[in-house]
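Shown below: structure.cif, with mmCIF, C-alpha atoms.
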```cif
data_my_file
loop_
_atom_site.group_PDB
_atom_site.id
_atom_site.type_symbol
_atom_site.label_atom_id
_atom_site.label_comp_id
_atom_site.auth_asym_id
_atom_site.auth_seq_id
_atom_site.Cartn_x
_atom_site.Cartn_y
_atom_site.Cartn_z
ATOM 1 C CA MET A 5 19.684 59.197 -7.461
ATOM 2 C CA SER A 6 23.148 58.874 -5.994
ATOM 3 C CA LEU A 7 24.061 59.826 -2.440
ATOM 4 C CA HIS A 8 27.709 59.608 -1.392
ATOM 5 C CA PHE A 9 29.267 59.778 2.060
ATOM 6 C CA HIS A 10 32.949 60.233 2.842
ATOM 7 C CA ARG A 11 34.762 60.276 6.186
ATOM 8 C CA ASN A 12 37.326 63.085 6.178
ATOM 9 C CA PRO A 13 40.762 62.913 7.860
ATOM 10 C CA ASP A 14 39.637 65.506 10.427
ATOM 11 C CA GLY A 15 36.813 63.215 11.605
ATOM 12 C CA THR A 16 33.999 65.066 9.838
ATOM 13 C CA THR A 17 31.768 63.461 7.230
ATOM 14 C CA THR A 18 30.931 64.947 3.855
ATOM 15 C CA GLY A 19 27.830 63.931 1.955
ATOM 16 C CA ARG A 20 26.782 64.780 -1.580
ATOM 17 C CA ASN A 21 23.582 64.323 -3.564
ATOM 18 C CA ASP A 22 24.794 64.004 -7.170
ATOM 19 C CA ASP A 23 21.336 64.773 -8.563
ATOM 20 C CA SER A 24 20.908 68.149 -6.852
ATOM 21 C CA GLY A 25 24.553 69.008 -6.241
ATOM 22 C CA PHE A 26 23.804 69.516 -2.543
ATOM 23 C CA THR A 27 26.919 68.934 -0.419
ATOM 24 C CA VAL A 28 27.244 69.121 3.359
ATOM 25 C CA THR A 29 30.073 68.513 5.843
ATOM 26 C CA HIS A 30 29.415 67.998 9.539
ATOM 27 C CA ALA A 31 31.044 66.389 12.603
ATOM 28 C CA ASP A 32 27.972 64.150 13.057
ATOM 29 C CA ALA A 33 27.693 61.537 10.278
ATOM 30 C CA GLU A 34 23.997 60.941 11.060
ATOM 31 C CA GLU A 35 23.251 64.649 10.616
ATOM 32 C CA VAL A 36 24.909 64.511 7.185
ATOM 33 C CA LYS A 37 22.760 61.517 6.283
ATOM 34 C CA ARG A 38 19.587 63.213 7.554
ATOM 35 C CA LEU A 39 20.285 66.383 5.556
ATOM 36 C CA LEU A 40 21.060 64.444 2.362
ATOM 37 C CA TYR A 41 17.903 62.359 2.702
ATOM 38 C CA GLU A 42 15.886 65.527 3.266
ATOM 39 C CA ASP A 43 17.444 67.134 0.173
ATOM 40 C CA ALA A 44 16.628 64.024 -1.880
ATOM 41 C CA GLY A 45 13.020 63.953 -0.627
ATOM 42 C CA LEU A 46 13.521 60.632 1.141
ATOM 43 C CA ALA A 47 12.302 59.628 4.574
ATOM 44 C CA TYR A 48 15.111 59.524 7.111
ATOM 45 C CA THR A 49 15.025 56.906 9.831
ATOM 46 C CA PRO A 50 17.446 57.558 12.683
ATOM 47 C CA PRO A 51 19.623 54.663 13.790
ATOM 48 C CA PRO A 52 18.388 52.468 16.637
ATOM 49 C CA PRO A 53 19.718 53.124 20.129
ATOM 50 C CA PRO A 54 23.087 51.593 20.969
ATOM 51 C CA VAL A 55 23.167 48.005 22.170
ATOM 52 C CA PRO A 56 24.438 47.207 25.674
ATOM 53 C CA PRO A 57 28.129 46.339 26.157
ATOM 54 C CA GLY A 58 28.912 42.798 24.998
ATOM 55 C CA VAL A 59 26.003 42.760 22.515
ATOM 56 C CA HIS A 60 26.543 43.375 18.800
ATOM 57 C CA ARG A 61 24.140 44.473 16.069
ATOM 58 C CA PHE A 62 24.695 43.043 12.580
ATOM 59 C CA SER A 63 23.027 41.672 9.464
ATOM 60 C CA LEU A 64 23.635 38.289 7.879
ATOM 61 C CA VAL A 65 22.525 37.552 4.324
ATOM 62 C CA HIS A 66 22.094 34.359 2.322
ATOM 63 C CA GLU A 67 22.141 34.883 -1.433
ATOM 64 C CA ASP A 68 22.178 31.300 -2.753
ATOM 65 C CA PHE A 69 18.452 31.277 -3.542
ATOM 66 C CA GLU A 70 18.140 34.926 -4.618
ATOM 67 C CA ALA A 71 16.242 33.962 -7.769
ATOM 68 C CA THR A 72 13.389 32.809 -5.525
ATOM 69 C CA GLY A 73 13.936 35.337 -2.741
ATOM 70 C CA PHE A 74 12.952 35.699 0.875
ATOM 71 C CA GLY A 75 9.775 33.599 0.588
ATOM 72 C CA ASP A 76 11.553 30.466 -0.658
ATOM 73 C CA GLU A 77 10.358 27.440 1.312
ATOM 74 C CA ARG A 78 13.980 26.498 2.063
ATOM 75 C CA TYR A 79 13.990 29.467 4.474
ATOM 76 C CA ALA A 80 10.778 28.380 6.247
ATOM 77 C CA GLY A 81 12.545 26.858 9.255
ATOM 78 C CA VAL A 82 14.799 29.834 9.944
ATOM 79 C CA ARG A 83 11.907 32.262 9.352
ATOM 80 C CA GLU A 84 9.837 30.372 11.950
ATOM 81 C CA ARG A 85 12.692 29.704 14.410
ATOM 82 C CA PRO A 86 15.431 32.286 13.904
ATOM 83 C CA PRO A 87 18.369 32.369 16.294
ATOM 84 C CA GLU A 88 17.602 34.222 19.507
ATOM 85 C CA GLY A 89 18.113 37.938 18.966
ATOM 86 C CA CYS A 90 17.636 37.716 15.184
ATOM 87 C CA VAL A 91 14.705 38.734 12.999
ATOM 88 C CA PRO A 92 14.281 37.486 9.393
ATOM 89 C CA VAL A 93 14.027 40.347 6.864
ATOM 90 C CA ASP A 94 13.752 40.664 3.094
ATOM 91 C CA GLN A 95 16.742 42.577 1.707
ATOM 92 C CA GLY A 96 16.209 41.395 -1.851
ATOM 93 C CA CYS A 97 17.505 38.094 -0.501
ATOM 94 C CA PHE A 98 17.015 36.305 2.789
ATOM 95 C CA ALA A 99 18.621 38.160 5.699
ATOM 96 C CA LEU A 100 18.713 38.176 9.470
ATOM 97 C CA GLU A 101 18.956 41.381 11.504
ATOM 98 C CA CYS A 102 20.612 40.365 14.745
ATOM 99 C CA GLU A 103 21.522 41.672 18.180
ATOM 100 C CA ARG A 104 23.615 38.939 19.744
ATOM 101 C CA PRO A 105 26.128 38.607 22.580
ATOM 102 C CA GLY A 106 29.807 38.019 21.965
ATOM 103 C CA LYS A 107 33.231 39.039 23.187
ATOM 104 C CA THR A 108 33.710 40.797 19.827
ATOM 105 C CA LEU A 109 31.525 41.361 16.790
ATOM 106 C CA LEU A 110 33.226 38.511 14.937
ATOM 107 C CA ASP A 111 32.559 36.173 17.884
ATOM 108 C CA ALA A 112 28.838 37.055 17.775
ATOM 109 C CA VAL A 113 28.736 36.600 13.988
ATOM 110 C CA THR A 114 30.622 33.289 14.171
ATOM 111 C CA ASP A 115 28.255 31.883 16.800
ATOM 112 C CA THR A 116 25.216 32.970 14.783
ATOM 113 C CA VAL A 117 26.533 31.566 11.474
ATOM 114 C CA ARG A 118 27.333 28.282 13.256
ATOM 115 C CA GLU A 119 23.841 28.103 14.783
ATOM 116 C CA VAL A 120 22.067 28.826 11.476
ATOM 117 C CA ARG A 121 24.170 26.205 9.709
ATOM 118 C CA ARG A 122 23.636 23.586 12.450
ATOM 119 C CA GLU A 123 19.910 24.198 12.969
ATOM 120 C CA HIS A 124 18.793 25.025 9.407
ATOM 121 C CA GLY A 125 21.505 23.849 7.004
ATOM 122 C CA LEU A 126 22.114 27.360 5.622
ATOM 123 C CA VAL A 127 25.547 28.938 5.373
ATOM 124 C CA MET A 128 25.127 32.697 5.534
ATOM 125 C CA THR A 129 27.159 34.255 2.725
ATOM 126 C CA GLY A 130 27.687 37.864 3.774
ATOM 127 C CA MET A 131 26.779 40.741 6.024
ATOM 128 C CA GLY A 132 25.084 43.010 3.508
ATOM 129 C CA VAL A 133 28.018 45.382 2.982
ATOM 130 C CA GLU A 134 27.636 47.192 -0.332
ATOM 131 C CA LYS A 135 30.977 49.021 -0.427
ATOM 132 C CA PRO A 136 33.541 46.959 1.498
ATOM 133 C CA ASP A 137 36.368 49.302 0.529
ATOM 134 C CA GLU A 138 35.007 52.156 2.688
ATOM 135 C CA TRP A 139 36.570 52.129 6.176
ATOM 136 C CA TRP A 140 34.626 54.167 8.730
ATOM 137 C CA ASP A 141 36.496 53.269 11.885
ATOM 138 C CA THR A 142 39.251 51.119 13.254
ATOM 139 C CA GLY A 143 37.537 49.392 16.200
ATOM 140 C CA LYS A 144 37.091 45.636 16.510
ATOM 141 C CA ASP A 145 33.335 46.042 16.949
ATOM 142 C CA GLY A 146 32.445 48.850 14.530
ATOM 143 C CA GLN A 147 31.832 49.160 10.801
ATOM 144 C CA ALA A 148 35.385 48.047 9.973
ATOM 145 C CA ALA A 149 34.722 44.762 11.813
ATOM 146 C CA VAL A 150 31.440 44.343 9.898
ATOM 147 C CA ILE A 151 33.370 44.751 6.650
ATOM 148 C CA VAL A 152 35.955 42.143 7.718
ATOM 149 C CA GLY A 153 33.179 39.708 8.654
ATOM 150 C CA HIS A 154 31.409 40.338 5.356
ATOM 151 C CA LEU A 155 34.574 39.793 3.339
ATOM 152 C CA LEU A 156 35.390 36.564 5.198
ATOM 153 C CA LEU A 157 31.880 35.135 4.748
ATOM 154 C CA THR A 158 31.776 36.141 1.089
ATOM 155 C CA ALA A 159 35.268 34.745 0.455
ATOM 156 C CA ALA A 160 34.424 31.436 2.139
ATOM 157 C CA HIS A 161 31.204 31.123 0.138
ATOM 158 C CA ARG A 162 32.786 31.966 -3.200
ATOM 159 C CA ALA A 163 35.845 29.803 -2.523
ATOM 160 C CA ARG A 164 33.524 26.829 -1.924
ATOM 161 C CA LEU A 165 31.732 27.531 -5.215
ATOM 162 C CA LEU A 166 35.103 27.494 -7.001
ATOM 163 C CA GLY A 167 36.162 24.231 -5.377
ATOM 164 C CA TYR A 168 38.616 25.583 -2.802
ATOM 165 C CA GLY A 169 38.572 23.887 0.564
ATOM 166 C CA ARG A 170 39.294 24.926 4.128
ATOM 167 C CA LYS A 171 42.971 23.995 3.818
ATOM 168 C CA ASP A 172 43.348 26.300 0.805
ATOM 169 C CA LEU A 173 41.887 29.245 2.703
ATOM 170 C CA VAL A 174 43.850 28.523 5.884
ATOM 171 C CA ARG A 175 47.070 28.245 3.840
ATOM 172 C CA LEU A 176 46.339 31.696 2.343
ATOM 173 C CA LEU A 177 45.602 33.194 5.765
ATOM 174 C CA ASP A 178 48.749 31.620 7.219
ATOM 175 C CA ALA A 179 50.788 33.103 4.354
ATOM 176 C CA THR A 180 49.624 36.595 5.381
ATOM 177 C CA GLY A 181 51.170 36.127 8.804
ATOM 178 C CA ILE A 182 47.976 36.866 10.767
ATOM 179 C CA GLY A 183 47.536 33.313 12.059
#
```

The structure given in the file should be rewritten as structure tokens.
Amino acid sequence: MSLHFHRNPDGTTTGRNDDSGFTVTHADAEEVKRLLYEDAGLAYTPPPPPVPPGVHRFSLVHEDFEATGFGDERYAGVRERPPEGCVPVDQGCFALECERPGKTLLDAVTDTVREVRREHGLVMTGMGVEKPDEWWDTGKDGQAAVIVGHLLLTAAHRARLLGYGRKDLVRLLDATGIG
């Protein structure tokens, strides 16, 4: 089964179920998702209520031990004592679902990654984004910010595996002119 969602230039969302051919466009992206799930015979779970201002909802994943999965004993400490506002979950790898304070989403993610590394020796390697090339918004605290955080965590993790250091990554970021 393959469900696809696309944000249109006019602000509407179009969804398509490739198996049935069912296509729907609506101003409310969640309504599109609900209708596609219904067409596919899947249970739809509405999104949780919004978090208060200054609190951010996000996922962090750690894929280094994916061959052993969520139950690996190396995750025991963080499963028993996760950062405040985070709940350990099995997403095919170890993950944390978090609601944490921060000036921006990236601040909340940074503080959480730092705490997990300091307290448990794990460097979270992503934010669970499956299609990082899909931009849904432009805000610093929305899905676009989640994608940026995911790409930065994934890049840092993979750069380390290849032997690149902090200076290499900072030099690249400086070359882009953002720093």

Please, what is the axis-aligned box for every listed atom of range 92-108 of chain A with 5 Å on each side, as centre and edge lengths in Å to one decimal, as AutoDock Vina command-line options?
```
--center_x 23.7 --center_y 39.4 --center_z 10.7 --size_x 30.0 --size_y 16.3 --size_z 35.0
```

Do a neighbour search on Asp22 in chain A at 9 Å with only C-alpha atoms, toss out local chain neighbours closer than 3 positions, and write the hits as a short mmCIF file (atom, residue, chain, number, x, y, z; two decimals) with C-alpha atoms, keeping the file's coordinate frame.
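Everything below was put into out_39.cif:
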```cif
data_model
loop_
_atom_site.label_atom_id
_atom_site.label_comp_id
_atom_site.auth_asym_id
_atom_site.auth_seq_id
_atom_site.Cartn_x
_atom_site.Cartn_y
_atom_site.Cartn_z
CA MET A 5 19.68 59.20 -7.46
CA SER A 6 23.15 58.87 -5.99
CA LEU A 7 24.06 59.83 -2.44
CA HIS A 8 27.71 59.61 -1.39
CA GLY A 25 24.55 69.01 -6.24
CA PHE A 26 23.80 69.52 -2.54
CA THR A 27 26.92 68.93 -0.42
#
```

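Residues within 8 Å of Glu88 in chain A, counting only C-alpha atoms and excluding same-chain residues fewer than 2 positions away, are Pro86, Cys90 and Arg104 of chain A.
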
*asked:* With the PyMOL selection byres ((chain A and resi 45) around 12) as the selection, what would be picked from this file? Answer as a ChimeraX atom specification, please.
replied: /A:5,7,21,23-24,38-44,46-48

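Listed by chain and then by number, the residues chosen by the PyMOL selection byres ((chain A and resi 128) around 6) in this file are Val65, His66, Val127 and Thr129 of chain A.
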
*If you apply the PyMOL selection byres ((chain A and resi 144) around 12) to this file, what residues do you get, as number ranges by chain?*
A: 60, 106-112, 140-143, 145-153

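CA of Val117 in chain A lies 14.9 Å from CA of Gly81 in chain A.
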
*Nearest-residue call for Pro92 in chain A, choices A:Pro53, A:Pro105, A:Gly167, A:Gly75, using all atoms listed in the file*: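 Looking only at the distances to Pro92 in chain A, the closest residue turns out to be A:Gly75.
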
*Nearest to Ala159 in chain A: which of A:Cys97, A:Val120, A:Val28, A:Leu176 is it, counting all atoms listed in the file?*
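Closest residue, counting all atoms listed in the file: A:Leu176.
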
_With all atoms listed in the file as the counted atoms, please give the residues lying no more than 12 Å from His161 in chain A, apart from itself and same-chain residues fewer than 4 positions off, as a PyMOL selection string._
chain A and resi 65-68+126-130+154-157+165-170+173

*asked:* Between CA of Val174 in chain A and CA of Glu103 in chain A, what distance in Å does the model show, to one decimal?
replied: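 That distance, rounded to one decimal, is 28.7 Å.
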
*Measure the distance from CA of Asp32 in chain A to CA of Pro50 in chain A in Å and round it to one decimal.*
12.4 Å

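Summary of the local environment: counting only C-alpha atoms, residues at most 12 Å from Asp14 in chain A, other than itself and those fewer than 3 positions away along its chain, are A:His10, A:Arg11, A:Thr17, A:Thr18, A:Thr29, A:His30, A:Ala31.
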
Write a file for range 53-66 of chain A, containing all heavy atoms (output as a PDB file, in the first residue's frame).
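Output (part.pdb):
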```
ATOM      1  N   PRO A  53      -3.193  16.950  21.067  1.00  0.00           N
ATOM      2  CA  PRO A  53      -3.468  18.393  21.160  1.00  0.00           C
ATOM      3  C   PRO A  53      -2.162  19.187  21.096  1.00  0.00           C
ATOM      4  O   PRO A  53      -1.095  18.659  21.428  1.00  0.00           O
ATOM      5  CB  PRO A  53      -4.153  18.542  22.520  1.00  0.00           C
ATOM      6  CG  PRO A  53      -3.814  17.318  23.280  1.00  0.00           C
ATOM      7  CD  PRO A  53      -3.552  16.233  22.286  1.00  0.00           C
ATOM      8  N   PRO A  54      -2.254  20.436  20.698  1.00  0.00           N
ATOM      9  CA  PRO A  54      -1.033  21.251  20.614  1.00  0.00           C
ATOM     10  C   PRO A  54      -0.364  21.395  21.977  1.00  0.00           C
ATOM     11  O   PRO A  54      -1.024  21.348  23.009  1.00  0.00           O
ATOM     12  CB  PRO A  54      -1.531  22.613  20.128  1.00  0.00           C
ATOM     13  CG  PRO A  54      -2.943  22.442  19.725  1.00  0.00           C
ATOM     14  CD  PRO A  54      -3.453  21.173  20.325  1.00  0.00           C
ATOM     15  N   VAL A  55       0.938  21.562  21.947  1.00  0.00           N
ATOM     16  CA  VAL A  55       1.691  21.792  23.186  1.00  0.00           C
ATOM     17  C   VAL A  55       1.613  23.275  23.528  1.00  0.00           C
ATOM     18  O   VAL A  55       1.368  24.112  22.655  1.00  0.00           O
ATOM     19  CB  VAL A  55       3.162  21.338  23.041  1.00  0.00           C
ATOM     20  CG1 VAL A  55       3.253  19.833  22.883  1.00  0.00           C
ATOM     21  CG2 VAL A  55       3.854  22.042  21.886  1.00  0.00           C
ATOM     22  N   PRO A  56       1.830  23.625  24.802  1.00  0.00           N
ATOM     23  CA  PRO A  56       1.796  25.038  25.181  1.00  0.00           C
ATOM     24  C   PRO A  56       2.945  25.818  24.528  1.00  0.00           C
ATOM     25  O   PRO A  56       3.954  25.218  24.141  1.00  0.00           O
ATOM     26  CB  PRO A  56       1.948  25.014  26.702  1.00  0.00           C
ATOM     27  CG  PRO A  56       2.125  23.613  27.117  1.00  0.00           C
ATOM     28  CD  PRO A  56       2.045  22.732  25.928  1.00  0.00           C
ATOM     29  N   PRO A  57       2.816  27.133  24.443  1.00  0.00           N
ATOM     30  CA  PRO A  57       3.909  27.947  23.884  1.00  0.00           C
ATOM     31  C   PRO A  57       5.216  27.689  24.638  1.00  0.00           C
ATOM     32  O   PRO A  57       5.224  27.541  25.859  1.00  0.00           O
ATOM     33  CB  PRO A  57       3.436  29.388  24.101  1.00  0.00           C
ATOM     34  CG  PRO A  57       1.946  29.294  24.222  1.00  0.00           C
ATOM     35  CD  PRO A  57       1.674  27.950  24.855  1.00  0.00           C
ATOM     36  N   GLY A  58       6.316  27.608  23.882  1.00  0.00           N
ATOM     37  CA  GLY A  58       7.624  27.378  24.494  1.00  0.00           C
ATOM     38  C   GLY A  58       7.947  25.916  24.729  1.00  0.00           C
ATOM     39  O   GLY A  58       9.027  25.585  25.209  1.00  0.00           O
ATOM     40  N   VAL A  59       7.009  25.015  24.400  1.00  0.00           N
ATOM     41  CA  VAL A  59       7.236  23.573  24.507  1.00  0.00           C
ATOM     42  C   VAL A  59       7.159  23.004  23.094  1.00  0.00           C
ATOM     43  O   VAL A  59       6.335  23.435  22.291  1.00  0.00           O
ATOM     44  CB  VAL A  59       6.197  22.899  25.434  1.00  0.00           C
ATOM     45  CG1 VAL A  59       6.368  21.387  25.435  1.00  0.00           C
ATOM     46  CG2 VAL A  59       6.311  23.459  26.844  1.00  0.00           C
ATOM     47  N   HIS A  60       8.013  22.030  22.808  1.00  0.00           N
ATOM     48  CA  HIS A  60       8.101  21.469  21.457  1.00  0.00           C
ATOM     49  C   HIS A  60       7.967  19.958  21.511  1.00  0.00           C
ATOM     50  O   HIS A  60       8.506  19.308  22.395  1.00  0.00           O
ATOM     51  CB  HIS A  60       9.436  21.871  20.823  1.00  0.00           C
ATOM     52  CG  HIS A  60       9.635  23.346  20.830  1.00  0.00           C
ATOM     53  ND1 HIS A  60       9.107  24.162  19.874  1.00  0.00           N
ATOM     54  CD2 HIS A  60      10.259  24.153  21.728  1.00  0.00           C
ATOM     55  CE1 HIS A  60       9.408  25.416  20.157  1.00  0.00           C
ATOM     56  NE2 HIS A  60      10.103  25.437  21.289  1.00  0.00           N
ATOM     57  N   ARG A  61       7.243  19.409  20.549  1.00  0.00           N
ATOM     58  CA  ARG A  61       7.029  17.966  20.446  1.00  0.00           C
ATOM     59  C   ARG A  61       7.905  17.448  19.304  1.00  0.00           C
ATOM     60  O   ARG A  61       7.861  17.960  18.193  1.00  0.00           O
ATOM     61  CB  ARG A  61       5.555  17.688  20.152  1.00  0.00           C
ATOM     62  CG  ARG A  61       5.227  16.213  20.076  1.00  0.00           C
ATOM     63  CD  ARG A  61       3.742  15.993  19.805  1.00  0.00           C
ATOM     64  NE  ARG A  61       2.966  16.359  20.980  1.00  0.00           N
ATOM     65  CZ  ARG A  61       1.856  17.119  20.955  1.00  0.00           C
ATOM     66  NH1 ARG A  61       1.405  17.591  19.830  1.00  0.00           N
ATOM     67  NH2 ARG A  61       1.213  17.393  22.081  1.00  0.00           N
ATOM     68  N   PHE A  62       8.687  16.388  19.594  1.00  0.00           N
ATOM     69  CA  PHE A  62       9.578  15.834  18.580  1.00  0.00           C
ATOM     70  C   PHE A  62       9.971  14.414  18.953  1.00  0.00           C
ATOM     71  O   PHE A  62       9.803  13.988  20.094  1.00  0.00           O
ATOM     72  CB  PHE A  62      10.842  16.702  18.419  1.00  0.00           C
ATOM     73  CG  PHE A  62      11.613  16.911  19.685  1.00  0.00           C
ATOM     74  CD1 PHE A  62      12.644  16.060  20.044  1.00  0.00           C
ATOM     75  CD2 PHE A  62      11.312  17.972  20.523  1.00  0.00           C
ATOM     76  CE1 PHE A  62      13.353  16.253  21.221  1.00  0.00           C
ATOM     77  CE2 PHE A  62      12.019  18.186  21.700  1.00  0.00           C
ATOM     78  CZ  PHE A  62      13.045  17.318  22.055  1.00  0.00           C
ATOM     79  N   SER A  63      10.491  13.705  17.977  1.00  0.00           N
ATOM     80  CA  SER A  63      11.042  12.362  18.166  1.00  0.00           C
ATOM     81  C   SER A  63      12.543  12.427  17.974  1.00  0.00           C
ATOM     82  O   SER A  63      13.037  13.184  17.146  1.00  0.00           O
ATOM     83  CB  SER A  63      10.478  11.386  17.133  1.00  0.00           C
ATOM     84  OG  SER A  63       9.102  11.247  17.258  1.00  0.00           O
ATOM     85  N   LEU A  64      13.254  11.601  18.730  1.00  0.00           N
ATOM     86  CA  LEU A  64      14.683  11.389  18.514  1.00  0.00           C
ATOM     87  C   LEU A  64      14.888   9.898  18.348  1.00  0.00           C
ATOM     88  O   LEU A  64      14.296   9.106  19.081  1.00  0.00           O
ATOM     89  CB  LEU A  64      15.503  11.890  19.708  1.00  0.00           C
ATOM     90  CG  LEU A  64      15.586  13.388  19.903  1.00  0.00           C
ATOM     91  CD1 LEU A  64      16.301  13.706  21.214  1.00  0.00           C
ATOM     92  CD2 LEU A  64      16.308  14.047  18.737  1.00  0.00           C
ATOM     93  N   VAL A  65      15.708   9.502  17.386  1.00  0.00           N
ATOM     94  CA  VAL A  65      15.973   8.078  17.178  1.00  0.00           C
ATOM     95  C   VAL A  65      17.467   7.804  17.301  1.00  0.00           C
ATOM     96  O   VAL A  65      18.294   8.687  17.087  1.00  0.00           O
ATOM     97  CB  VAL A  65      15.455   7.579  15.806  1.00  0.00           C
ATOM     98  CG1 VAL A  65      13.959   7.750  15.701  1.00  0.00           C
ATOM     99  CG2 VAL A  65      16.145   8.291  14.660  1.00  0.00           C
ATOM    100  N   HIS A  66      17.773   6.556  17.649  1.00  0.00           N
ATOM    101  CA  HIS A  66      19.153   6.087  17.734  1.00  0.00           C
ATOM    102  C   HIS A  66      19.200   4.772  16.975  1.00  0.00           C
ATOM    103  O   HIS A  66      18.588   3.799  17.382  1.00  0.00           O
ATOM    104  CB  HIS A  66      19.556   5.880  19.201  1.00  0.00           C
ATOM    105  CG  HIS A  66      20.981   5.484  19.354  1.00  0.00           C
ATOM    106  ND1 HIS A  66      21.379   4.177  19.467  1.00  0.00           N
ATOM    107  CD2 HIS A  66      22.107   6.235  19.399  1.00  0.00           C
ATOM    108  CE1 HIS A  66      22.695   4.139  19.589  1.00  0.00           C
ATOM    109  NE2 HIS A  66      23.159   5.374  19.549  1.00  0.00           N
TER     110      HIS A  66
END
```
